[in-house]
Structures are given as C-alpha cells and as structure tokens.
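entry09.cif follows; it contains mmCIF, C-alpha atoms.
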```cif
data_target
loop_
_atom_site.group_PDB
_atom_site.id
_atom_site.type_symbol
_atom_site.label_atom_id
_atom_site.label_comp_id
_atom_site.auth_asym_id
_atom_site.auth_seq_id
_atom_site.Cartn_x
_atom_site.Cartn_y
_atom_site.Cartn_z
ATOM 1 C CA MET F 1 -49.035 -36.058 15.430
ATOM 2 C CA LYS F 2 -48.058 -32.402 15.311
ATOM 3 C CA GLY F 3 -44.700 -33.275 16.924
ATOM 4 C CA ILE F 4 -43.993 -35.816 14.191
ATOM 5 C CA ASP F 5 -44.836 -33.273 11.500
ATOM 6 C CA VAL F 6 -42.497 -30.724 13.034
ATOM 7 C CA VAL F 7 -39.688 -33.269 13.203
ATOM 8 C CA GLU F 8 -40.213 -34.218 9.584
ATOM 9 C CA LEU F 9 -40.253 -30.585 8.512
ATOM 10 C CA ARG F 10 -37.036 -29.959 10.381
ATOM 11 C CA ALA F 11 -35.463 -32.958 8.686
ATOM 12 C CA TYR F 12 -36.556 -31.674 5.279
ATOM 13 C CA ALA F 13 -35.211 -28.234 6.106
ATOM 14 C CA ARG F 14 -31.836 -29.730 7.066
ATOM 15 C CA ILE F 15 -31.667 -31.559 3.746
ATOM 16 C CA VAL F 16 -32.405 -28.405 1.798
ATOM 17 C CA TRP F 17 -29.915 -26.419 3.847
ATOM 18 C CA ARG F 18 -27.260 -29.093 3.324
ATOM 19 C CA TYR F 19 -27.593 -28.632 -0.453
ATOM 20 C CA ILE F 20 -28.464 -24.943 -0.411
ATOM 21 C CA TRP F 21 -25.520 -24.243 -2.695
ATOM 22 C CA LEU F 22 -27.124 -26.411 -5.360
ATOM 23 C CA VAL F 23 -30.485 -24.670 -5.003
ATOM 24 C CA VAL F 24 -28.848 -21.243 -5.184
ATOM 25 C CA VAL F 25 -26.849 -22.130 -8.294
ATOM 26 C CA ILE F 26 -29.774 -23.596 -10.238
ATOM 27 C CA VAL F 27 -32.296 -20.911 -9.266
ATOM 28 C CA GLY F 28 -29.702 -18.178 -9.716
ATOM 29 C CA VAL F 29 -28.839 -19.234 -13.264
ATOM 30 C CA VAL F 30 -32.503 -19.487 -14.262
ATOM 31 C CA ALA F 31 -33.301 -16.166 -12.555
ATOM 32 C CA VAL F 32 -30.488 -14.396 -14.413
ATOM 33 C CA TYR F 33 -31.691 -15.863 -17.709
ATOM 34 C CA SER F 34 -35.299 -14.859 -16.987
ATOM 35 C CA GLY F 35 -34.244 -11.363 -15.964
ATOM 36 C CA TYR F 36 -32.271 -10.919 -19.162
ATOM 37 C CA GLN F 37 -35.205 -12.097 -21.283
ATOM 38 C CA TYR F 38 -37.537 -9.706 -19.465
ATOM 39 C CA TYR F 39 -35.060 -6.857 -20.032
ATOM 40 C CA LYS F 40 -35.069 -7.640 -23.764
ATOM 41 C CA LEU F 41 -38.873 -7.644 -23.794
ATOM 42 C CA ARG F 42 -38.938 -4.232 -22.098
ATOM 43 C CA LYS F 43 -36.570 -2.874 -24.734
ATOM 44 C CA THR F 44 -38.514 -4.343 -27.686
ATOM 45 C CA PRO F 45 -41.286 -1.978 -28.879
ATOM 46 C CA GLY F 46 -44.668 -3.688 -28.966
ATOM 47 C CA ALA F 47 -43.528 -6.802 -27.104
ATOM 48 C CA LEU F 48 -45.316 -6.088 -23.823
ATOM 49 C CA THR F 49 -47.576 -3.197 -24.854
ATOM 50 C CA ALA F 50 -48.902 -2.399 -28.329
ATOM 51 C CA TYR F 51 -51.351 0.249 -29.554
ATOM 52 C CA ASN F 52 -54.603 0.059 -31.480
ATOM 53 C CA SER F 53 -56.113 2.738 -33.693
ATOM 54 C CA ASN F 54 -59.219 2.515 -35.898
ATOM 55 C CA ILE F 55 -60.726 4.371 -38.817
ATOM 56 C CA SER F 56 -64.127 3.877 -40.496
ATOM 57 C CA ILE F 57 -64.895 4.429 -44.157
ATOM 58 C CA GLN F 58 -68.150 4.033 -46.065
ATOM 59 C CA LEU F 59 -68.420 2.840 -49.635
ATOM 60 C CA GLY F 60 -70.951 4.229 -52.094
ATOM 61 C CA LEU F 61 -71.540 4.528 -55.818
ATOM 62 C CA VAL F 62 -70.435 7.662 -57.620
ATOM 63 C CA ALA F 63 -73.287 9.513 -59.276
ATOM 64 C CA PRO F 64 -72.950 9.916 -63.075
ATOM 65 C CA PRO F 65 -72.393 13.466 -64.429
ATOM 66 C CA ASN F 66 -75.964 13.886 -65.607
ATOM 67 C CA GLY F 67 -77.898 11.587 -63.342
ATOM 68 C CA SER F 68 -78.352 10.146 -59.884
ATOM 69 C CA VAL F 69 -77.606 6.889 -58.149
ATOM 70 C CA ASN F 70 -80.362 4.346 -57.709
ATOM 71 C CA PRO F 71 -80.667 3.864 -53.910
ATOM 72 C CA THR F 72 -81.323 0.142 -54.157
ATOM 73 C CA GLU F 73 -78.408 -0.390 -56.503
ATOM 74 C CA ASN F 74 -76.186 1.773 -54.308
ATOM 75 C CA VAL F 75 -76.919 -0.337 -51.221
ATOM 76 C CA THR F 76 -76.520 -3.648 -53.037
ATOM 77 C CA VAL F 77 -73.286 -2.785 -54.833
ATOM 78 C CA SER F 78 -71.628 -0.911 -51.965
ATOM 79 C CA GLU F 79 -72.305 -3.732 -49.482
ATOM 80 C CA ALA F 80 -71.021 -6.314 -51.954
ATOM 81 C CA LEU F 81 -67.820 -4.329 -52.537
ATOM 82 C CA ALA F 82 -67.368 -3.744 -48.804
ATOM 83 C CA ASP F 83 -67.619 -7.496 -48.310
ATOM 84 C CA THR F 84 -65.053 -8.018 -51.078
ATOM 85 C CA LEU F 85 -62.718 -5.536 -49.426
ATOM 86 C CA VAL F 86 -62.919 -7.341 -46.074
ATOM 87 C CA SER F 87 -63.267 -11.004 -47.012
ATOM 88 C CA GLY F 88 -60.784 -10.758 -49.888
ATOM 89 C CA GLN F 89 -58.282 -9.093 -47.522
ATOM 90 C CA ILE F 90 -57.365 -6.563 -50.176
ATOM 91 C CA TYR F 91 -55.981 -4.428 -47.348
ATOM 92 C CA GLU F 92 -53.138 -6.951 -47.051
ATOM 93 C CA TYR F 93 -52.089 -6.636 -50.692
ATOM 94 C CA LYS F 94 -48.571 -5.352 -51.214
ATOM 95 C CA SER F 95 -49.729 -2.524 -53.472
ATOM 96 C CA PHE F 96 -52.229 -1.291 -50.867
ATOM 97 C CA CYS F 97 -49.686 -1.425 -48.030
ATOM 98 C CA SER F 98 -47.001 0.196 -50.189
ATOM 99 C CA ASP F 99 -49.352 3.100 -50.880
ATOM 100 C CA ILE F 100 -49.983 3.427 -47.136
ATOM 101 C CA SER F 101 -46.245 3.546 -46.466
ATOM 102 C CA GLN F 102 -45.771 6.230 -49.118
ATOM 103 C CA GLN F 103 -48.693 8.211 -47.734
ATOM 104 C CA ILE F 104 -47.147 8.178 -44.258
ATOM 105 C CA GLY F 105 -43.997 9.658 -45.746
ATOM 106 C CA GLN F 106 -46.079 12.460 -47.254
ATOM 107 C CA ASP F 107 -47.905 13.059 -43.959
ATOM 108 C CA MET F 108 -44.794 13.503 -41.835
ATOM 109 C CA SER F 109 -45.457 17.179 -41.073
ATOM 110 C CA GLU F 110 -48.988 16.386 -39.855
ATOM 111 C CA ILE F 111 -47.747 13.422 -37.836
ATOM 112 C CA GLN F 112 -45.047 15.531 -36.180
ATOM 113 C CA GLN F 113 -47.692 18.046 -35.131
ATOM 114 C CA ASN F 114 -49.615 15.342 -33.278
ATOM 115 C CA TYR F 115 -46.612 13.308 -32.101
ATOM 116 C CA PRO F 116 -43.424 15.436 -32.023
ATOM 117 C CA HIS F 117 -40.238 13.370 -32.309
ATOM 118 C CA ALA F 118 -42.272 10.179 -31.991
ATOM 119 C CA ASP F 119 -41.137 6.715 -33.039
ATOM 120 C CA LEU F 120 -43.312 5.406 -35.892
ATOM 121 C CA GLY F 121 -41.846 1.927 -35.893
ATOM 122 C CA ASN F 122 -41.125 0.020 -39.099
ATOM 123 C CA TRP F 123 -43.589 2.034 -41.190
ATOM 124 C CA GLN F 124 -41.506 1.696 -44.361
ATOM 125 C CA ASP F 125 -42.049 -2.083 -44.503
ATOM 126 C CA PRO F 126 -45.291 -2.966 -46.387
ATOM 127 C CA GLY F 127 -45.135 -6.494 -44.995
ATOM 128 C CA ALA F 128 -45.112 -5.208 -41.414
ATOM 129 C CA ILE F 129 -48.067 -2.947 -42.194
ATOM 130 C CA ALA F 130 -50.002 -5.841 -43.739
ATOM 131 C CA GLY F 131 -49.476 -7.928 -40.614
ATOM 132 C CA ALA F 132 -50.818 -5.115 -38.431
ATOM 133 C CA LEU F 133 -54.123 -4.620 -40.279
ATOM 134 C CA SER F 134 -57.542 -6.181 -39.855
ATOM 135 C CA ALA F 135 -60.984 -5.086 -41.030
ATOM 136 C CA THR F 136 -64.649 -5.676 -40.322
ATOM 137 C CA ARG F 137 -67.754 -4.382 -42.042
ATOM 138 C CA THR F 138 -71.278 -3.380 -41.107
ATOM 139 C CA HIS F 139 -73.331 -3.034 -44.285
ATOM 140 C CA SER F 140 -71.265 -0.654 -46.436
ATOM 141 C CA VAL F 141 -69.110 0.692 -43.586
ATOM 142 C CA VAL F 142 -65.651 -0.848 -43.229
ATOM 143 C CA VAL F 143 -63.699 -0.406 -39.984
ATOM 144 C CA PHE F 144 -59.934 -0.768 -40.322
ATOM 145 C CA SER F 145 -58.050 -1.701 -37.157
ATOM 146 C CA VAL F 146 -54.305 -1.176 -36.731
ATOM 147 C CA ASN F 147 -52.274 -2.928 -34.009
ATOM 148 C CA TRP F 148 -48.803 -1.387 -33.942
ATOM 149 C CA SER F 149 -45.778 -1.297 -31.680
ATOM 150 C CA THR F 150 -45.965 2.484 -31.100
ATOM 151 C CA ALA F 151 -48.845 4.881 -30.565
ATOM 152 C CA ALA F 152 -47.645 7.337 -33.213
ATOM 153 C CA GLY F 153 -47.194 4.562 -35.766
ATOM 154 C CA ALA F 154 -50.682 3.160 -35.142
ATOM 155 C CA TRP F 155 -52.225 6.587 -35.647
ATOM 156 C CA ALA F 156 -50.135 7.330 -38.745
ATOM 157 C CA ILE F 157 -51.084 4.033 -40.444
ATOM 158 C CA ALA F 158 -54.794 4.383 -39.667
ATOM 159 C CA ASN F 159 -54.789 7.968 -40.880
ATOM 160 C CA ALA F 160 -52.998 6.977 -44.099
ATOM 161 C CA ILE F 161 -55.558 4.186 -44.697
ATOM 162 C CA GLY F 162 -58.320 6.782 -44.710
ATOM 163 C CA GLU F 163 -56.470 8.968 -47.201
ATOM 164 C CA VAL F 164 -55.452 6.103 -49.491
ATOM 165 C CA THR F 165 -58.882 4.458 -49.612
ATOM 166 C CA SER F 166 -60.576 7.792 -50.236
ATOM 167 C CA ALA F 167 -58.304 8.412 -53.204
ATOM 168 C CA ARG F 168 -57.914 4.925 -54.743
ATOM 169 C CA ILE F 169 -60.655 2.591 -53.538
ATOM 170 C CA GLY F 170 -61.989 2.099 -57.073
ATOM 171 C CA GLN F 171 -58.522 1.002 -58.206
ATOM 172 C CA TYR F 172 -58.158 -1.563 -55.412
ATOM 173 C CA LEU F 173 -61.617 -3.023 -55.963
ATOM 174 C CA ASN F 174 -61.370 -2.755 -59.770
ATOM 175 C CA TYR F 175 -64.653 -0.836 -59.794
ATOM 176 C CA PRO F 176 -64.186 2.809 -60.895
ATOM 177 C CA GLU F 177 -67.770 3.787 -60.023
ATOM 178 C CA ILE F 178 -67.232 3.242 -56.291
ATOM 179 C CA ALA F 179 -66.049 5.906 -53.834
ATOM 180 C CA ALA F 180 -65.096 5.931 -50.171
ATOM 181 C CA HIS F 181 -65.386 8.653 -47.581
ATOM 182 C CA ILE F 182 -64.344 8.731 -43.948
ATOM 183 C CA VAL F 183 -67.239 8.477 -41.496
ATOM 184 C CA SER F 184 -65.149 8.238 -38.314
ATOM 185 C CA ALA F 185 -61.829 10.000 -37.907
ATOM 186 C CA THR F 186 -58.700 8.170 -36.798
ATOM 187 C CA SER F 187 -59.109 7.165 -33.174
ATOM 188 C CA THR F 188 -56.599 7.994 -30.477
ATOM 189 C CA PRO F 189 -54.308 4.957 -30.062
ATOM 190 C CA ALA F 190 -55.254 2.802 -27.085
ATOM 191 C CA PRO F 191 -52.775 0.488 -25.333
ATOM 192 C CA ILE F 192 -53.372 -3.243 -25.783
ATOM 193 C CA PRO F 193 -51.383 -6.353 -24.762
ATOM 194 C CA GLY F 194 -48.344 -6.809 -26.974
ATOM 195 C CA SER F 195 -47.323 -9.885 -28.913
ATOM 196 C CA SER F 196 -45.269 -11.188 -25.962
ATOM 197 C CA ALA F 197 -47.437 -9.930 -23.093
ATOM 198 C CA SER F 198 -47.725 -13.416 -21.590
ATOM 199 C CA LYS F 199 -43.974 -14.083 -21.503
ATOM 200 C CA PRO F 200 -43.254 -12.364 -18.138
ATOM 201 C CA THR F 201 -45.671 -14.782 -16.466
ATOM 202 C CA LEU F 202 -43.945 -17.689 -18.165
ATOM 203 C CA LEU F 203 -40.564 -16.420 -16.979
ATOM 204 C CA VAL F 204 -41.799 -16.285 -13.387
ATOM 205 C CA LEU F 205 -43.155 -19.812 -13.725
ATOM 206 C CA LEU F 206 -39.784 -20.882 -15.107
ATOM 207 C CA VAL F 207 -38.039 -19.625 -11.948
ATOM 208 C CA LEU F 208 -40.574 -21.434 -9.733
ATOM 209 C CA VAL F 209 -40.102 -24.649 -11.707
ATOM 210 C CA ALA F 210 -36.333 -24.286 -11.344
ATOM 211 C CA LEU F 211 -36.786 -23.896 -7.570
ATOM 212 C CA ALA F 212 -38.942 -27.029 -7.395
ATOM 213 C CA LEU F 213 -36.474 -29.031 -9.485
ATOM 214 C CA ALA F 214 -33.524 -27.821 -7.409
ATOM 215 C CA ILE F 215 -35.219 -28.914 -4.177
ATOM 216 C CA ALA F 216 -36.166 -32.252 -5.720
ATOM 217 C CA LEU F 217 -32.560 -32.741 -6.830
ATOM 218 C CA ALA F 218 -31.375 -31.940 -3.302
ATOM 219 C CA PHE F 219 -33.637 -34.665 -1.873
ATOM 220 C CA LEU F 220 -32.425 -37.108 -4.535
ATOM 221 C CA LEU F 221 -28.787 -36.459 -3.672
ATOM 222 C CA ASP F 222 -29.573 -36.867 0.019
ATOM 223 C CA TYR F 223 -31.337 -40.163 -0.691
ATOM 224 C CA LEU F 224 -28.330 -41.471 -2.611
ATOM 225 C CA ASP F 225 -25.917 -40.312 0.112
ATOM 226 C CA ASP F 226 -25.701 -43.052 2.803
ATOM 227 C CA ARG F 227 -23.162 -41.270 4.999
ATOM 228 C CA VAL F 228 -23.978 -40.425 8.644
ATOM 229 C CA ARG F 229 -23.316 -36.741 9.150
ATOM 230 C CA SER F 230 -24.801 -35.873 12.545
ATOM 231 C CA LYS F 231 -26.440 -37.223 15.659
ATOM 232 C CA GLU F 232 -29.805 -36.324 14.137
ATOM 233 C CA ASP F 233 -29.069 -38.769 11.328
ATOM 234 C CA ILE F 234 -28.352 -41.470 13.927
ATOM 235 C CA LYS F 235 -31.667 -40.782 15.671
ATOM 236 C CA GLU F 236 -33.550 -41.063 12.404
ATOM 237 C CA LEU F 237 -31.657 -44.180 11.349
ATOM 238 C CA PHE F 238 -31.863 -46.251 14.583
ATOM 239 C CA HIS F 239 -34.832 -44.564 16.298
ATOM 240 C CA LEU F 240 -32.881 -44.570 19.577
ATOM 241 C CA PRO F 241 -32.115 -41.758 22.023
ATOM 242 C CA ILE F 242 -28.580 -40.396 22.381
ATOM 243 C CA TYR F 243 -27.238 -40.064 25.938
ATOM 244 C CA GLY F 244 -23.745 -38.866 25.115
ATOM 245 C CA GLU F 245 -21.218 -38.346 22.371
ATOM 246 C CA VAL F 246 -17.467 -38.745 22.006
ATOM 247 C CA PRO F 247 -15.682 -35.460 21.215
ATOM 248 C CA ARG F 248 -13.474 -35.189 18.198
ATOM 249 C CA ALA F 249 -9.853 -36.314 18.669
ATOM 250 C CA PRO F 250 -7.334 -33.473 18.846
ATOM 251 C CA THR F 251 -5.321 -32.719 15.784
ATOM 252 C CA PRO F 252 -1.850 -34.317 15.887
ATOM 253 C CA GLY F 253 0.772 -31.795 17.027
ATOM 254 C CA HIS F 254 -1.842 -29.516 18.563
ATOM 255 C CA ILE F 255 -1.294 -28.828 22.315
ATOM 256 C CA THR F 256 -4.440 -28.425 24.349
ATOM 257 C CA ARG F 257 -3.907 -25.976 27.184
ATOM 258 C CA THR F 258 -5.658 -26.623 30.461
ATOM 259 C CA ARG F 259 -6.267 -24.160 33.211
ATOM 260 C CA ASP F 260 -3.742 -24.413 36.109
ATOM 261 C CA THR F 261 -5.675 -24.893 39.366
ATOM 262 C CA SER F 262 -2.702 -25.815 41.690
ATOM 263 C CA PRO F 263 -2.372 -23.716 44.832
ATOM 264 C CA VAL F 264 0.324 -21.122 45.072
#
```
Reformat the file's structure so that it appears as structure tokens.
Amino acid sequence: MKGIDVVELRAYARIVWRYIWLVVVIVGVVAVYSGYQYYKLRKTPGALTAYNSNISIQLGLVAPPNGSVNPTENVTVSEALADTLVSGQIYEYKSFCSDISQQIGQDMSEIQQNYPHADLGNWQDPGAIAGALSATRTHSVVVFSVNWSTAAGAWAIANAIGEVTSARIGQYLNYPEIAAHIVSATSTPAPIPGSSASKPTLLVLLVLVALALAIALAFLLDYLDDRVRSKEDIKELFHLPIYGEVPRAPTPGHITRTRDTSPV
C-alpha cells in the first residue's frame, strides 16, 4: 500500500513539475500584489497599529453665589446630564469637534514638549476627530476614549477634550448650571490594532489560495492533455512493464562519430 502511495505522489509531483511555470506565474503575480498591498499598509498611519488615549471628567452642579448645591439634586442632575452627553453622542457634534481641533492648535507648545516633532495626524478635520471618539459613563463620570493613527495625536485630542469640556460643558448640554472637572489626566497612548490589522492575514491566505488554484489548474491541464510524454506515462496508461526503448532517430545531416577499434 505504501508503495502505491509513493508512486501516486511521484506522479502528482511530475504533473506539478511539468506545469511549474504556470504555478510560478500565478503565485508570483498574487505574491507581488499582496506584497505591494502590505507595503501600502505599512506606510499608512493607523492601518496596522493605532493608539488609544483616555480622559475622565466628572459633571456636577455649580453652586449659586449665595448658597450651596443640594446633594440629592446634584447627583440626579449630573447623572442625567452625563447620560445625555454619552447617549446623545454630543461629543460627535461638529461644533464640539471643531472646538477640539482649535484647542489642539492652541496647545501646540505643550504638545511639542511631550512629543517633539511628532505627527499629530489629521487633527484639523473635525469629521476625523468625531470618528475617533467614544464615551462611557459611570454615574456622573464620563470617560472619553480616543483611537487615533498616531500616539501624539491621540494624546493631543484627549487632552483637548478635557480642556474644552471643562470650559464649555454647559454650552454643549444647554445647561449653564453644570460644570465639568478632570478626575483622571490624559493617559499615555497605548498601541491597539489598527483599522486594517487583519489584512496581512488575508493577504497571506490570498497567496495560499493562489497556490492551491495554480496546482488545481495544473492537474486540470494534465487531465485534458492526452499526449504520451514519457515511459512513465506508458506504464500508468497500460499497466505493463517496459523492457526496452527505441532511441531517438538522429537528426538529418548530423554525422554520428563512432570510435575506431581496427588494429594498427
């Protein structure tokens, strides 16, 4: 049984080798394409690796000039407004993101101190900032999360969110009596999978699929080809042993020299 398997494997190997040029062409083209796509991913900021930075703010009522805040009312109102801020996705409003972009421009000296000559990404685009933000709340504490293509940009946006909300939270929520203060400073950006982190695996799978298809195509072409190419093909076709073979006829006009064995 093992002998039969070895013979079959050798036959399959001969078929693949016969059409190796086809396999090389197909796999080569797909490999070049995959390599180029991977090169583009490596050159695109945030494609393979992005960065996350967070900042936490707490909402609370502002005490009147000649009075104090009722604790029960403070808890009820601040939690309700924190829920409005998160569930209403006010942080994605164009005005909010535009203020963040402007604040980053004002913070450039501070940003350069933390990240000299760093790339901040497309920080001037409010739409890009809106797409990078998410928020969750625990009671009256809102945690803003920034996923950005560069570490410096993630930190700059999160830091600007803290400054903007501290200064204008009442305006965004349309509730002048509410204030916000930072309870957790901007976190150091941590690397996370980028938007196209799964593509390298897909590119590798694409090359493997191309290899499988190329081999399958080679077997198909061999199946459609009914020519006898070698004595091995004759063995497989007739299942008979070969005891001898006729050599190829000499080329017309070609003189075959034989060794002279006559005595001197």
Take the PyMOL selection byres ((chain F and resi 51) around 8), apply it to the structure above, and return the hits as a CSV table (one decimal) with C-alpha atoms, in the frame of the given file.
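Final output, out.csv:
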```csv
chain,number,residue,atom,x,y,z
F,46,GLY,CA,-44.7,-3.7,-29.0
F,49,THR,CA,-47.6,-3.2,-24.9
F,50,ALA,CA,-48.9,-2.4,-28.3
F,52,ASN,CA,-54.6,0.1,-31.5
F,53,SER,CA,-56.1,2.7,-33.7
F,146,VAL,CA,-54.3,-1.2,-36.7
F,147,ASN,CA,-52.3,-2.9,-34.0
F,148,TRP,CA,-48.8,-1.4,-33.9
F,149,SER,CA,-45.8,-1.3,-31.7
F,150,THR,CA,-46.0,2.5,-31.1
F,151,ALA,CA,-48.8,4.9,-30.6
F,154,ALA,CA,-50.7,3.2,-35.1
F,189,PRO,CA,-54.3,5.0,-30.1
F,190,ALA,CA,-55.3,2.8,-27.1
F,191,PRO,CA,-52.8,0.5,-25.3
F,192,ILE,CA,-53.4,-3.2,-25.8
```
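Pairwise distance (CA of Val209 in chain F, CA of Ala31 in chain F) equals 10.9 Å.
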Legend entry - F:Asn122, F:Thr165, F:Asn174, F:Gln103 ranked by distance to Leu81 in chain F, top pick (using only C-alpha atoms): F:Asn174
Legend entry - Selection dump of the PyMOL selection byres ((chain F and resi 127-133) around 10), as number ranges by chain: F: 52, 54, 89-94, 96-98, 100-101, 121-126, 134-135, 144-149, 153-154, 157-158, 161
Each residue of range 28-144 of chain F lying at most 9 Å from range 176-186 of chain F should get a row with its shortest atom-to-atom pair and the distance in Å to one decimal, counting all atoms listed in the file; could you produce that, ordered by chain and increasing number, as a Markdown table?
```
| residue | atom | partner | partner_atom | distance |
| --- | --- | --- | --- | --- |
| F:Ser53 | CA | F:Thr186 | CA | 6.8 |
| F:Asn54 | CA | F:Thr186 | CA | 5.7 |
| F:Ile55 | CA | F:Thr186 | CA | 4.8 |
| F:Ser56 | CA | F:Ser184 | CA | 5.0 |
| F:Ile57 | CA | F:Ile182 | CA | 4.3 |
| F:Gln58 | CA | F:Ala180 | CA | 5.5 |
| F:Leu59 | CA | F:Ala180 | CA | 4.6 |
| F:Gly60 | CA | F:Ala179 | CA | 5.5 |
| F:Leu61 | CA | F:Ile178 | CA | 4.5 |
| F:Val62 | CA | F:Glu177 | CA | 5.3 |
| F:Ala63 | CA | F:Glu177 | CA | 8.0 |
| F:Pro64 | CA | F:Glu177 | CA | 8.6 |
| F:Val77 | CA | F:Ile178 | CA | 8.7 |
| F:Ser78 | CA | F:Ile178 | CA | 7.4 |
| F:Leu81 | CA | F:Ile178 | CA | 8.5 |
| F:Val141 | CA | F:Val183 | CA | 8.3 |
| F:Val143 | CA | F:Ser184 | CA | 8.9 |
```
Inset, instruction - Find, counting all atoms listed in the file, the residue in F:Tyr33, F:Asp222, F:Val142, F:Asn70 that gets nearest to Trp17 in chain F. - result: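 Selected residue with least distance to Trp17 in chain F: F:Asp222.
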For the file shown, report as an mmCIF file with C-alpha atoms, keeping the file's coordinate frame the outcome of the PyMOL selection byres ((chain F and resi 23) around 10) at residue level.
```cif
data_model
loop_
_atom_site.group_PDB
_atom_site.id
_atom_site.type_symbol
_atom_site.label_atom_id
_atom_site.label_comp_id
_atom_site.auth_asym_id
_atom_site.auth_seq_id
_atom_site.Cartn_x
_atom_site.Cartn_y
_atom_site.Cartn_z
ATOM 1 C CA VAL F 16 -32.405 -28.405 1.798
ATOM 2 C CA TRP F 17 -29.915 -26.419 3.847
ATOM 3 C CA ARG F 18 -27.260 -29.093 3.324
ATOM 4 C CA TYR F 19 -27.593 -28.632 -0.453
ATOM 5 C CA ILE F 20 -28.464 -24.943 -0.411
ATOM 6 C CA TRP F 21 -25.520 -24.243 -2.695
ATOM 7 C CA LEU F 22 -27.124 -26.411 -5.360
ATOM 8 C CA VAL F 24 -28.848 -21.243 -5.184
ATOM 9 C CA VAL F 25 -26.849 -22.130 -8.294
ATOM 10 C CA ILE F 26 -29.774 -23.596 -10.238
ATOM 11 C CA VAL F 27 -32.296 -20.911 -9.266
ATOM 12 C CA GLY F 28 -29.702 -18.178 -9.716
ATOM 13 C CA ALA F 210 -36.333 -24.286 -11.344
ATOM 14 C CA LEU F 211 -36.786 -23.896 -7.570
ATOM 15 C CA ALA F 212 -38.942 -27.029 -7.395
ATOM 16 C CA LEU F 213 -36.474 -29.031 -9.485
ATOM 17 C CA ALA F 214 -33.524 -27.821 -7.409
ATOM 18 C CA ILE F 215 -35.219 -28.914 -4.177
ATOM 19 C CA ALA F 216 -36.166 -32.252 -5.720
ATOM 20 C CA LEU F 217 -32.560 -32.741 -6.830
ATOM 21 C CA ALA F 218 -31.375 -31.940 -3.302
#
```
Inset, instruction - Could you please determine the separation between CA of Tyr172 in chain F and CA of Ala80 in chain F in Å, to one decimal place? - result: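 About the pair CA of Tyr172 in chain F and CA of Ala80 in chain F: they are 14.1 Å apart.
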Legend entry - Å distance separating CA of Pro193 in chain F from CA of Asp83 in chain F, one decimal place: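 Taking CA of Pro193 in chain F and CA of Asp83 in chain F, their separation equals 28.6 Å.
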Inset, instruction - Would you mind listing what lies within 9 Å of range 110-116 of chain F as an NGL selection string, with only C-alpha atoms counted and same-chain residues fewer than 3 positions away left out? - result: :F and (104 or 106-107 or 119 or 151-152 or 155-156)
Legend entry - Nearest to Tyr36 in chain F by atom-to-atom distance, counting all atoms listed in the file, from F:Val6, F:Leu203, F:Val69, F:Ile242: F:Leu203
